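Next comes input14.tsv, a file with TSV, N, CA and C atoms.
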```
chain	number	residue	atom	x	y	z
S	1	MET	N	140.50	58.24	3.23
S	1	MET	CA	140.20	57.88	4.59
S	1	MET	C	138.70	57.64	4.77
S	2	ALA	N	137.87	58.66	4.53
S	2	ALA	CA	136.42	58.52	4.69
S	2	ALA	C	135.72	59.19	3.51
S	3	VAL	N	134.49	58.75	3.27
S	3	VAL	CA	133.65	59.37	2.24
S	3	VAL	C	132.67	60.29	2.97
S	4	ILE	N	132.74	61.59	2.62
S	4	ILE	CA	131.96	62.61	3.30
S	4	ILE	C	131.10	63.37	2.30
S	5	LEU	N	129.82	63.51	2.61
S	5	LEU	CA	128.90	64.33	1.82
S	5	LEU	C	128.81	65.70	2.46
S	6	VAL	N	129.12	66.74	1.68
S	6	VAL	CA	129.04	68.12	2.17
S	6	VAL	C	127.86	68.79	1.48
S	7	VAL	N	126.91	69.27	2.30
S	7	VAL	CA	125.70	69.90	1.77
S	7	VAL	C	125.68	71.34	2.26
S	8	GLU	N	125.97	72.25	1.36
S	8	GLU	CA	126.09	73.67	1.70
S	8	GLU	C	125.72	74.49	0.48
S	9	ASP	N	124.77	75.41	0.64
S	9	ASP	CA	124.32	76.20	-0.51
S	9	ASP	C	125.22	77.41	-0.80
S	10	GLU	N	126.05	77.82	0.14
S	10	GLU	CA	126.98	78.92	-0.09
S	10	GLU	C	128.24	78.38	-0.75
S	11	PRO	N	128.48	78.71	-2.03
S	11	PRO	CA	129.61	78.12	-2.76
S	11	PRO	C	130.97	78.32	-2.08
S	12	LEU	N	131.27	79.49	-1.59
S	12	LEU	CA	132.58	79.74	-1.00
S	12	LEU	C	132.79	78.85	0.23
S	13	ILE	N	131.80	78.77	1.08
S	13	ILE	CA	131.90	77.92	2.28
S	13	ILE	C	132.08	76.47	1.86
S	14	ARG	N	131.29	76.02	0.88
S	14	ARG	CA	131.36	74.64	0.41
S	14	ARG	C	132.75	74.33	-0.16
S	15	PHE	N	133.28	75.21	-0.99
S	15	PHE	CA	134.58	74.98	-1.61
S	15	PHE	C	135.70	74.96	-0.58
S	16	LEU	N	135.67	75.88	0.38
S	16	LEU	CA	136.70	75.90	1.42
S	16	LEU	C	136.67	74.61	2.24
S	17	LEU	N	135.48	74.17	2.60
S	17	LEU	CA	135.36	72.94	3.37
S	17	LEU	C	135.80	71.73	2.55
S	18	LEU	N	135.41	71.69	1.29
S	18	LEU	CA	135.83	70.59	0.40
S	18	LEU	C	137.35	70.51	0.33
S	19	ASP	N	137.99	71.66	0.13
S	19	ASP	CA	139.46	71.69	0.03
S	19	ASP	C	140.11	71.14	1.30
S	20	GLU	N	139.61	71.55	2.45
S	20	GLU	CA	140.17	71.09	3.73
S	20	GLU	C	139.98	69.58	3.89
S	21	LEU	N	138.80	69.07	3.54
S	21	LEU	CA	138.54	67.64	3.66
S	21	LEU	C	139.41	66.82	2.71
S	22	VAL	N	139.54	67.28	1.48
S	22	VAL	CA	140.39	66.59	0.50
S	22	VAL	C	141.84	66.62	0.96
S	23	ASP	N	142.31	67.77	1.44
S	23	ASP	CA	143.68	67.87	1.94
S	23	ASP	C	143.93	66.91	3.10
S	24	ALA	N	142.88	66.60	3.86
S	24	ALA	CA	143.01	65.67	4.99
S	24	ALA	C	142.90	64.21	4.53
S	25	GLY	N	142.70	63.99	3.22
S	25	GLY	CA	142.69	62.64	2.69
S	25	GLY	C	141.32	62.01	2.51
S	26	HIS	N	140.27	62.79	2.67
S	26	HIS	CA	138.92	62.25	2.53
S	26	HIS	C	138.42	62.34	1.09
S	27	SER	N	137.51	61.46	0.73
S	27	SER	CA	136.78	61.57	-0.53
S	27	SER	C	135.53	62.38	-0.23
S	28	VAL	N	135.22	63.33	-1.10
S	28	VAL	CA	134.13	64.25	-0.82
S	28	VAL	C	133.12	64.26	-1.95
S	29	ILE	N	131.86	64.22	-1.56
S	29	ILE	CA	130.74	64.40	-2.48
S	29	ILE	C	130.11	65.73	-2.09
S	30	GLU	N	129.82	66.57	-3.06
S	30	GLU	CA	129.26	67.87	-2.72
S	30	GLU	C	127.85	68.03	-3.26
S	31	ALA	N	127.07	68.81	-2.51
S	31	ALA	CA	125.70	69.13	-2.93
S	31	ALA	C	125.40	70.55	-2.48
S	32	ALA	N	124.69	71.30	-3.33
S	32	ALA	CA	124.34	72.68	-3.03
S	32	ALA	C	122.96	72.82	-2.43
S	33	SER	N	122.25	71.70	-2.28
S	33	SER	CA	120.92	71.72	-1.67
S	33	SER	C	120.62	70.34	-1.11
S	34	ALA	N	119.59	70.27	-0.28
S	34	ALA	CA	119.19	68.97	0.27
S	34	ALA	C	118.69	68.05	-0.84
S	35	LEU	N	118.03	68.63	-1.85
S	35	LEU	CA	117.55	67.81	-2.97
S	35	LEU	C	118.71	67.19	-3.75
S	36	GLU	N	119.77	67.97	-3.97
S	36	GLU	CA	120.97	67.42	-4.62
S	36	GLU	C	121.58	66.33	-3.75
S	37	ALA	N	121.54	66.52	-2.44
S	37	ALA	CA	122.10	65.54	-1.52
S	37	ALA	C	121.31	64.23	-1.58
S	38	VAL	N	120.00	64.31	-1.66
S	38	VAL	CA	119.17	63.11	-1.77
S	38	VAL	C	119.54	62.34	-3.04
S	39	ALA	N	119.74	63.06	-4.14
S	39	ALA	CA	120.15	62.41	-5.39
S	39	ALA	C	121.52	61.75	-5.22
S	40	ALA	N	122.44	62.44	-4.54
S	40	ALA	CA	123.78	61.87	-4.31
S	40	ALA	C	123.69	60.62	-3.44
S	41	LEU	N	122.82	60.65	-2.44
S	41	LEU	CA	122.65	59.48	-1.58
S	41	LEU	C	122.16	58.28	-2.38
S	42	GLY	N	121.32	58.53	-3.37
S	42	GLY	CA	120.83	57.46	-4.22
S	42	GLY	C	121.91	56.82	-5.06
S	43	ARG	N	122.97	57.57	-5.34
S	43	ARG	CA	124.08	57.05	-6.15
S	43	ARG	C	125.23	56.51	-5.31
S	44	CYS	N	125.19	56.73	-4.01
S	44	CYS	CA	126.32	56.42	-3.14
S	44	CYS	C	126.00	55.23	-2.24
S	45	ASP	N	126.75	54.15	-2.44
S	45	ASP	CA	126.53	52.95	-1.61
S	45	ASP	C	127.13	53.10	-0.22
S	46	HIS	N	128.25	53.78	-0.13
S	46	HIS	CA	128.96	53.90	1.15
S	46	HIS	C	129.17	55.37	1.50
S	47	LEU	N	128.79	55.73	2.71
S	47	LEU	CA	128.97	57.10	3.19
S	47	LEU	C	129.36	57.05	4.66
S	48	ASP	N	130.50	57.64	4.98
S	48	ASP	CA	130.97	57.65	6.37
S	48	ASP	C	130.40	58.81	7.16
S	49	GLY	N	130.22	59.95	6.49
S	49	GLY	CA	129.75	61.12	7.21
S	49	GLY	C	129.08	62.13	6.30
S	50	MET	N	128.31	63.00	6.92
S	50	MET	CA	127.65	64.08	6.18
S	50	MET	C	127.73	65.35	7.02
S	51	ILE	N	128.06	66.44	6.36
S	51	ILE	CA	128.04	67.76	6.96
S	51	ILE	C	126.98	68.55	6.22
S	52	THR	N	126.00	69.07	6.95
S	52	THR	CA	124.94	69.82	6.28
S	52	THR	C	124.62	71.11	6.99
S	53	ASP	N	124.40	72.14	6.21
S	53	ASP	CA	123.86	73.39	6.71
S	53	ASP	C	122.36	73.15	6.93
S	54	VAL	N	121.72	74.04	7.68
S	54	VAL	CA	120.30	73.87	7.97
S	54	VAL	C	119.43	74.52	6.91
S	55	ASP	N	119.64	75.80	6.66
S	55	ASP	CA	118.78	76.53	5.73
S	55	ASP	C	119.25	76.30	4.30
S	56	MET	N	118.36	75.70	3.50
S	56	MET	CA	118.68	75.31	2.13
S	56	MET	C	117.58	75.75	1.17
S	57	PRO	N	117.95	75.99	-0.07
S	57	PRO	CA	116.92	76.26	-1.08
S	57	PRO	C	116.26	74.96	-1.51
S	58	GLY	N	115.07	75.05	-2.06
S	58	GLY	CA	114.45	73.89	-2.70
S	58	GLY	C	113.42	73.14	-1.88
S	59	GLY	N	113.05	73.63	-0.73
S	59	GLY	CA	111.96	73.01	0.01
S	59	GLY	C	112.35	72.04	1.10
S	60	LEU	N	113.52	71.41	1.02
S	60	LEU	CA	113.99	70.53	2.08
S	60	LEU	C	115.10	71.24	2.84
S	61	SER	N	115.07	71.12	4.16
S	61	SER	CA	116.12	71.74	4.97
S	61	SER	C	117.20	70.72	5.30
S	62	GLY	N	118.28	71.21	5.86
S	62	GLY	CA	119.32	70.32	6.34
S	62	GLY	C	118.82	69.43	7.47
S	63	LEU	N	117.84	69.91	8.24
S	63	LEU	CA	117.26	69.09	9.30
S	63	LEU	C	116.45	67.94	8.70
S	64	ASP	N	115.73	68.20	7.60
S	64	ASP	CA	115.02	67.13	6.90
S	64	ASP	C	116.02	66.08	6.40
S	65	LEU	N	117.11	66.57	5.84
S	65	LEU	CA	118.15	65.68	5.32
S	65	LEU	C	118.78	64.88	6.46
S	66	MET	N	119.04	65.53	7.59
S	66	MET	CA	119.59	64.85	8.75
S	66	MET	C	118.69	63.69	9.16
S	67	ARG	N	117.39	63.94	9.24
S	67	ARG	CA	116.43	62.89	9.64
S	67	ARG	C	116.44	61.73	8.65
S	68	LEU	N	116.52	62.04	7.37
S	68	LEU	CA	116.58	61.00	6.35
S	68	LEU	C	117.82	60.13	6.53
S	69	VAL	N	118.96	60.76	6.70
S	69	VAL	CA	120.22	60.01	6.82
S	69	VAL	C	120.27	59.22	8.12
S	70	THR	N	119.86	59.82	9.23
S	70	THR	CA	119.93	59.08	10.50
S	70	THR	C	118.95	57.91	10.53
S	71	SER	N	117.85	58.00	9.79
S	71	SER	CA	116.89	56.90	9.79
S	71	SER	C	117.25	55.81	8.77
S	72	THR	N	117.90	56.17	7.67
S	72	THR	CA	118.20	55.18	6.64
S	72	THR	C	119.64	54.69	6.66
S	73	ARG	N	120.53	55.48	7.25
S	73	ARG	CA	121.95	55.12	7.32
S	73	ARG	C	122.48	55.42	8.73
S	74	PRO	N	122.02	54.67	9.71
S	74	PRO	CA	122.36	55.00	11.09
S	74	PRO	C	123.85	54.95	11.42
S	75	ALA	N	124.65	54.27	10.62
S	75	ALA	CA	126.09	54.22	10.87
S	75	ALA	C	126.82	55.45	10.36
S	76	THR	N	126.12	56.32	9.64
S	76	THR	CA	126.72	57.53	9.08
S	76	THR	C	126.76	58.63	10.13
S	77	SER	N	127.94	59.19	10.35
S	77	SER	CA	128.08	60.32	11.27
S	77	SER	C	127.53	61.57	10.60
S	78	VAL	N	126.81	62.40	11.36
S	78	VAL	CA	126.21	63.60	10.80
S	78	VAL	C	126.60	64.81	11.64
S	79	TRP	N	127.02	65.86	10.94
S	79	TRP	CA	127.30	67.16	11.55
S	79	TRP	C	126.34	68.18	10.95
S	80	VAL	N	125.65	68.91	11.80
S	80	VAL	CA	124.76	69.98	11.37
S	80	VAL	C	125.43	71.29	11.74
S	81	VAL	N	125.51	72.20	10.76
S	81	VAL	CA	126.09	73.52	10.99
S	81	VAL	C	125.03	74.57	10.69
S	82	SER	N	125.01	75.62	11.51
S	82	SER	CA	124.01	76.66	11.30
S	82	SER	C	124.41	77.93	12.02
S	83	GLY	N	123.93	79.04	11.49
S	83	GLY	CA	124.12	80.33	12.14
S	83	GLY	C	123.14	80.55	13.28
S	84	ARG	N	122.20	79.64	13.44
S	84	ARG	CA	121.26	79.73	14.56
S	84	ARG	C	121.33	78.44	15.36
S	85	ASP	N	120.95	78.52	16.60
S	85	ASP	CA	121.05	77.38	17.50
S	85	ASP	C	119.88	76.42	17.26
S	86	VAL	N	120.18	75.26	16.68
S	86	VAL	CA	119.15	74.27	16.38
S	86	VAL	C	119.38	72.97	17.17
S	87	ARG	N	120.18	73.06	18.22
S	87	ARG	CA	120.50	71.85	18.99
S	87	ARG	C	119.26	71.12	19.48
S	88	SER	N	118.20	71.85	19.80
S	88	SER	CA	116.99	71.20	20.29
S	88	SER	C	116.25	70.44	19.18
S	89	GLU	N	116.63	70.66	17.93
S	89	GLU	CA	115.95	70.04	16.80
S	89	GLU	C	116.72	68.89	16.17
S	90	ILE	N	117.94	68.65	16.63
S	90	ILE	CA	118.73	67.60	15.99
S	90	ILE	C	118.55	66.27	16.70
S	91	ASP	N	118.73	65.21	15.92
S	91	ASP	CA	118.58	63.85	16.43
S	91	ASP	C	119.70	63.50	17.40
S	92	PRO	N	119.44	62.57	18.31
S	92	PRO	CA	120.50	62.09	19.20
S	92	PRO	C	121.67	61.53	18.39
S	93	GLY	N	122.86	61.81	18.83
S	93	GLY	CA	124.05	61.31	18.14
S	93	GLY	C	124.53	62.19	17.02
S	94	VAL	N	123.78	63.22	16.67
S	94	VAL	CA	124.17	64.16	15.62
S	94	VAL	C	124.98	65.28	16.27
S	95	PHE	N	126.04	65.69	15.60
S	95	PHE	CA	126.91	66.74	16.11
S	95	PHE	C	126.44	68.10	15.59
S	96	PHE	N	126.57	69.13	16.40
S	96	PHE	CA	126.19	70.49	16.00
S	96	PHE	C	127.38	71.41	16.12
S	97	LEU	N	127.59	72.24	15.09
S	97	LEU	CA	128.60	73.29	15.12
S	97	LEU	C	127.96	74.60	14.69
S	98	PRO	N	128.07	75.64	15.52
S	98	PRO	CA	127.51	76.93	15.13
S	98	PRO	C	128.41	77.62	14.09
S	99	LYS	N	127.78	78.33	13.17
S	99	LYS	CA	128.51	79.16	12.22
S	99	LYS	C	128.76	80.52	12.86
S	100	PRO	N	129.85	81.15	12.59
S	100	PRO	CA	130.96	80.65	11.77
S	100	PRO	C	131.78	79.63	12.56
S	101	TYR	N	132.31	78.67	11.86
S	101	TYR	CA	133.13	77.64	12.49
S	101	TYR	C	134.49	77.62	11.82
S	102	ASP	N	135.45	77.03	12.51
S	102	ASP	CA	136.79	76.89	11.97
S	102	ASP	C	136.81	75.63	11.09
S	103	TYR	N	137.13	75.78	9.81
S	103	TYR	CA	137.12	74.67	8.87
S	103	TYR	C	138.06	73.55	9.33
S	104	ARG	N	139.22	73.93	9.80
S	104	ARG	CA	140.19	72.92	10.23
S	104	ARG	C	139.69	72.15	11.45
S	105	GLU	N	138.99	72.84	12.34
S	105	GLU	CA	138.43	72.17	13.51
S	105	GLU	C	137.39	71.14	13.08
S	106	LEU	N	136.53	71.51	12.16
S	106	LEU	CA	135.50	70.58	11.68
S	106	LEU	C	136.15	69.39	10.98
S	107	VAL	N	137.14	69.63	10.16
S	107	VAL	CA	137.83	68.54	9.48
S	107	VAL	C	138.52	67.63	10.49
S	108	TYR	N	139.08	68.22	11.52
S	108	TYR	CA	139.70	67.42	12.59
S	108	TYR	C	138.65	66.51	13.25
S	109	LEU	N	137.48	67.06	13.56
S	109	LEU	CA	136.41	66.28	14.19
S	109	LEU	C	135.95	65.14	13.28
S	110	VAL	N	135.80	65.44	12.00
S	110	VAL	CA	135.40	64.43	11.02
S	110	VAL	C	136.47	63.33	10.93
S	111	SER	N	137.73	63.74	10.86
S	111	SER	CA	138.83	62.77	10.76
S	111	SER	C	138.92	61.90	12.00
S	112	GLU	N	138.77	62.50	13.16
S	112	GLU	CA	138.82	61.73	14.41
S	112	GLU	C	137.68	60.71	14.47
S	113	ARG	N	136.50	61.12	14.07
S	113	ARG	CA	135.34	60.22	14.07
S	113	ARG	C	135.55	59.08	13.08
S	114	ALA	N	136.07	59.39	11.90
S	114	ALA	CA	136.33	58.36	10.89
S	114	ALA	C	137.38	57.38	11.39
S	115	HIS	N	138.41	57.89	12.04
S	115	HIS	CA	139.46	57.02	12.58
S	115	HIS	C	138.90	56.11	13.67
S	116	ALA	N	138.09	56.66	14.56
S	116	ALA	CA	137.50	55.87	15.63
S	116	ALA	C	136.63	54.75	15.07
S	117	LYS	N	135.87	55.04	14.02
S	117	LYS	CA	135.04	54.01	13.39
S	117	LYS	C	135.91	52.92	12.76
S	118	GLN	N	137.00	53.35	12.13
S	118	GLN	CA	137.89	52.40	11.48
S	118	GLN	C	138.52	51.47	12.52
S	119	VAL	N	138.92	51.99	13.65
S	119	VAL	CA	139.49	51.18	14.73
S	119	VAL	C	138.45	50.20	15.24
S	120	LEU	N	137.22	50.65	15.41
S	120	LEU	CA	136.14	49.79	15.90
S	120	LEU	C	135.89	48.63	14.93
S	121	VAL	N	135.83	48.93	13.65
S	121	VAL	CA	135.61	47.88	12.64
S	121	VAL	C	136.77	46.88	12.65
S	122	THR	N	137.99	47.38	12.74
S	122	THR	CA	139.16	46.50	12.78
S	122	THR	C	139.13	45.60	14.01
S	123	ASP	N	138.79	46.16	15.16
S	123	ASP	CA	138.67	45.36	16.39
S	123	ASP	C	137.59	44.30	16.26
S	124	GLN	N	136.47	44.66	15.66
S	124	GLN	CA	135.36	43.71	15.50
S	124	GLN	C	135.77	42.57	14.56
S	125	GLN	N	136.55	42.91	13.53
S	125	GLN	CA	136.99	41.88	12.59
S	125	GLN	C	137.96	40.92	13.27
S	126	ARG	N	138.81	41.43	14.16
S	126	ARG	CA	139.77	40.58	14.87
S	126	ARG	C	139.07	39.62	15.83
S	127	THR	N	138.05	40.12	16.50
S	127	THR	CA	137.38	39.28	17.50
S	127	THR	C	136.27	38.46	16.87
S	128	GLY	N	135.91	38.81	15.63
S	128	GLY	CA	134.97	38.18	14.77
S	128	GLY	C	133.95	37.34	15.30
```

Would you write the structure of this file as structure tokens?
Amino acid sequence: MAVILVVEDEPLIRFLLLDELVDAGHSVIEAASALEAVAALGRCDHLDGMITDVDMPGGLSGLDLMRLVTSTRPATSVWVVSGRDVRSEIDPGVFFLPKPYDYRELVYLVSERAHAKQVLVTDQQRTG
């Protein structure tokens, strides 16, 4: 359905979220840090969405990564998740979910957003 980049340094959280996204029919790219995510972005031509935690090892935060993606890939949907309230620091159009969050709820939100984009593209192609 959609290609989603998951950036989460906690392995258990990352694996649980990956499983839910794959079960929902999405293709998933995983990264354990913002630096790994930047490398993945360099290899990935198409990305529908990204889910990133804020606090990351390696010098770049999830907020840094969010800014990179929203500036270079504006059509990519971005979800920021964190145990602290960072809503005042996120870019317009970026979604925020506080930790702990329900994995199924997040996957539902991602799936709904991907479906809405797919409908929009189909409508644009019809009216061409």

What lies within 9 Å of region 34-47 of chain S using only C-alpha atoms, ignoring chain neighbours under 2 positions off, as number ranges by chain? S: 2-9, 29-32, 49-50, 52, 56-62, 64-65, 68-69, 73, 75-77

To one decimal place in Å, what is the distance between atom N of Met66 (chain S) and CA of Leu97 (chain S)? 14.4 Å

First collect every listed atom of region 32-44 of chain S; then fit an axis-aligned box around them, widen it by 6 Å on each side, and give centre and edge lengths in Å to one decimal, as JSON.
```
{"center_x": 121.9, "center_y": 64.0, "center_z": -2.9, "size_x": 20.8, "size_y": 29.6, "size_z": 18.4}
```

Report the residues of chain S whose backbone DSSP state falls under helix (DSSP H, G or I), written as a ChimeraX atom specification. /S:11-23,34-43,62-72,87-89,103-127

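In this model, the gap between atom N of Glu10 (chain S) and atom C of Asp55 (chain S) comes to 8.1 Å.
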
Measure the distance from CA of Asp85 (chain S) to CA of Ile51 (chain S) in Å and round it to one decimal. 15.9 Å

Would you list, as a ChimeraX atom specification, the residues of chain S that end up in strand (DSSP E or B) under DSSP run on this structure's backbone? /S:3-7,27-31,49-53,77-82,95-98

Residue among S:Leu63, S:Leu18, S:Ile90, S:Val78 lying closest to Leu109 (chain S), counting only C-alpha atoms: S:Val78

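In this comparison, which uses only C-alpha atoms, the residue of S:His115, S:Phe96, S:Val110, S:Asp48 approaching Arg84 (chain S) most closely is S:Phe96.
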
Counting only C-alpha atoms, which of S:Arg113, S:Ser88, S:Gly83, S:Thr72 gets nearest to Tyr101 (chain S)?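 Between S:Arg113, S:Ser88, S:Gly83, S:Thr72, the residue approaching Tyr101 (chain S) most closely is S:Gly83.
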
Can you list every residue of region 13-51 of chain S that has an atom at most 8 Å from region 105-108 of chain S, with its nearest atom pair and the distance in Å to one decimal, using only N, CA and C atoms, ordered by chain then number, as JSON lines?
```
{"residue": "S:Leu17", "atom": "CA", "partner": "S:Val107", "partner_atom": "N", "distance": 7.8}
{"residue": "S:Glu20", "atom": "C", "partner": "S:Val107", "partner_atom": "CA", "distance": 6.1}
{"residue": "S:Leu21", "atom": "CA", "partner": "S:Val107", "partner_atom": "CA", "distance": 5.9}
{"residue": "S:Ala24", "atom": "CA", "partner": "S:Val107", "partner_atom": "C", "distance": 7.4}
```

With N, CA, C and O atoms as the goal, would you fill in the gaps in region 92-112 of chain S and present it as a PDB file, in the coordinates of the input?
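File written: out-v7.pdb
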```
ATOM      1  N   PRO S  92     119.440  62.570  18.310  1.00  0.00           N
ATOM      2  CA  PRO S  92     120.500  62.090  19.200  1.00  0.00           C
ATOM      3  C   PRO S  92     121.670  61.530  18.390  1.00  0.00           C
ATOM      4  O   PRO S  92     121.464  60.877  17.362  1.00  0.00           O
ATOM      5  N   GLY S  93     122.860  61.810  18.830  1.00  0.00           N
ATOM      6  CA  GLY S  93     124.050  61.310  18.140  1.00  0.00           C
ATOM      7  C   GLY S  93     124.530  62.190  17.020  1.00  0.00           C
ATOM      8  O   GLY S  93     125.587  61.937  16.436  1.00  0.00           O
ATOM      9  N   VAL S  94     123.780  63.220  16.670  1.00  0.00           N
ATOM     10  CA  VAL S  94     124.170  64.160  15.620  1.00  0.00           C
ATOM     11  C   VAL S  94     124.980  65.280  16.270  1.00  0.00           C
ATOM     12  O   VAL S  94     124.648  65.750  17.358  1.00  0.00           O
ATOM     13  N   PHE S  95     126.040  65.690  15.600  1.00  0.00           N
ATOM     14  CA  PHE S  95     126.910  66.740  16.110  1.00  0.00           C
ATOM     15  C   PHE S  95     126.440  68.100  15.590  1.00  0.00           C
ATOM     16  O   PHE S  95     125.993  68.202  14.449  1.00  0.00           O
ATOM     17  N   PHE S  96     126.570  69.130  16.400  1.00  0.00           N
ATOM     18  CA  PHE S  96     126.190  70.490  16.000  1.00  0.00           C
ATOM     19  C   PHE S  96     127.380  71.410  16.120  1.00  0.00           C
ATOM     20  O   PHE S  96     128.101  71.386  17.117  1.00  0.00           O
ATOM     21  N   LEU S  97     127.590  72.240  15.090  1.00  0.00           N
ATOM     22  CA  LEU S  97     128.600  73.290  15.120  1.00  0.00           C
ATOM     23  C   LEU S  97     127.960  74.600  14.690  1.00  0.00           C
ATOM     24  O   LEU S  97     127.351  74.665  13.620  1.00  0.00           O
ATOM     25  N   PRO S  98     128.070  75.640  15.520  1.00  0.00           N
ATOM     26  CA  PRO S  98     127.510  76.930  15.130  1.00  0.00           C
ATOM     27  C   PRO S  98     128.410  77.620  14.090  1.00  0.00           C
ATOM     28  O   PRO S  98     129.624  77.473  14.122  1.00  0.00           O
ATOM     29  N   LYS S  99     127.780  78.330  13.170  1.00  0.00           N
ATOM     30  CA  LYS S  99     128.510  79.160  12.220  1.00  0.00           C
ATOM     31  C   LYS S  99     128.760  80.520  12.860  1.00  0.00           C
ATOM     32  O   LYS S  99     127.908  80.996  13.592  1.00  0.00           O
ATOM     33  N   PRO S 100     129.850  81.150  12.590  1.00  0.00           N
ATOM     34  CA  PRO S 100     130.960  80.650  11.770  1.00  0.00           C
ATOM     35  C   PRO S 100     131.780  79.630  12.560  1.00  0.00           C
ATOM     36  O   PRO S 100     131.919  79.721  13.763  1.00  0.00           O
ATOM     37  N   TYR S 101     132.310  78.670  11.860  1.00  0.00           N
ATOM     38  CA  TYR S 101     133.130  77.640  12.490  1.00  0.00           C
ATOM     39  C   TYR S 101     134.490  77.620  11.820  1.00  0.00           C
ATOM     40  O   TYR S 101     134.674  78.133  10.720  1.00  0.00           O
ATOM     41  N   ASP S 102     135.450  77.030  12.510  1.00  0.00           N
ATOM     42  CA  ASP S 102     136.790  76.890  11.970  1.00  0.00           C
ATOM     43  C   ASP S 102     136.810  75.630  11.090  1.00  0.00           C
ATOM     44  O   ASP S 102     136.519  74.529  11.561  1.00  0.00           O
ATOM     45  N   TYR S 103     137.130  75.780   9.810  1.00  0.00           N
ATOM     46  CA  TYR S 103     137.120  74.670   8.870  1.00  0.00           C
ATOM     47  C   TYR S 103     138.060  73.550   9.330  1.00  0.00           C
ATOM     48  O   TYR S 103     137.715  72.369   9.246  1.00  0.00           O
ATOM     49  N   ARG S 104     139.220  73.930   9.800  1.00  0.00           N
ATOM     50  CA  ARG S 104     140.190  72.920  10.230  1.00  0.00           C
ATOM     51  C   ARG S 104     139.690  72.150  11.450  1.00  0.00           C
ATOM     52  O   ARG S 104     139.931  70.956  11.583  1.00  0.00           O
ATOM     53  N   GLU S 105     138.990  72.840  12.340  1.00  0.00           N
ATOM     54  CA  GLU S 105     138.430  72.170  13.510  1.00  0.00           C
ATOM     55  C   GLU S 105     137.390  71.140  13.080  1.00  0.00           C
ATOM     56  O   GLU S 105     137.376  70.008  13.577  1.00  0.00           O
ATOM     57  N   LEU S 106     136.530  71.510  12.160  1.00  0.00           N
ATOM     58  CA  LEU S 106     135.500  70.580  11.680  1.00  0.00           C
ATOM     59  C   LEU S 106     136.150  69.390  10.980  1.00  0.00           C
ATOM     60  O   LEU S 106     135.761  68.238  11.212  1.00  0.00           O
ATOM     61  N   VAL S 107     137.140  69.630  10.160  1.00  0.00           N
ATOM     62  CA  VAL S 107     137.830  68.540   9.480  1.00  0.00           C
ATOM     63  C   VAL S 107     138.520  67.630  10.490  1.00  0.00           C
ATOM     64  O   VAL S 107     138.500  66.397  10.353  1.00  0.00           O
ATOM     65  N   TYR S 108     139.080  68.220  11.520  1.00  0.00           N
ATOM     66  CA  TYR S 108     139.700  67.420  12.590  1.00  0.00           C
ATOM     67  C   TYR S 108     138.650  66.510  13.250  1.00  0.00           C
ATOM     68  O   TYR S 108     138.882  65.319  13.455  1.00  0.00           O
ATOM     69  N   LEU S 109     137.480  67.060  13.560  1.00  0.00           N
ATOM     70  CA  LEU S 109     136.410  66.280  14.190  1.00  0.00           C
ATOM     71  C   LEU S 109     135.950  65.140  13.280  1.00  0.00           C
ATOM     72  O   LEU S 109     135.741  64.018  13.726  1.00  0.00           O
ATOM     73  N   VAL S 110     135.800  65.440  12.000  1.00  0.00           N
ATOM     74  CA  VAL S 110     135.400  64.430  11.020  1.00  0.00           C
ATOM     75  C   VAL S 110     136.470  63.330  10.930  1.00  0.00           C
ATOM     76  O   VAL S 110     136.148  62.135  10.950  1.00  0.00           O
ATOM     77  N   SER S 111     137.730  63.740  10.860  1.00  0.00           N
ATOM     78  CA  SER S 111     138.830  62.770  10.760  1.00  0.00           C
ATOM     79  C   SER S 111     138.920  61.900  12.000  1.00  0.00           C
ATOM     80  O   SER S 111     139.127  60.679  11.896  1.00  0.00           O
ATOM     81  N   GLU S 112     138.770  62.500  13.160  1.00  0.00           N
ATOM     82  CA  GLU S 112     138.820  61.730  14.410  1.00  0.00           C
ATOM     83  C   GLU S 112     137.680  60.710  14.470  1.00  0.00           C
ATOM     84  O   GLU S 112     137.872  59.570  14.884  1.00  0.00           O
TER      85      GLU S 112
END
```
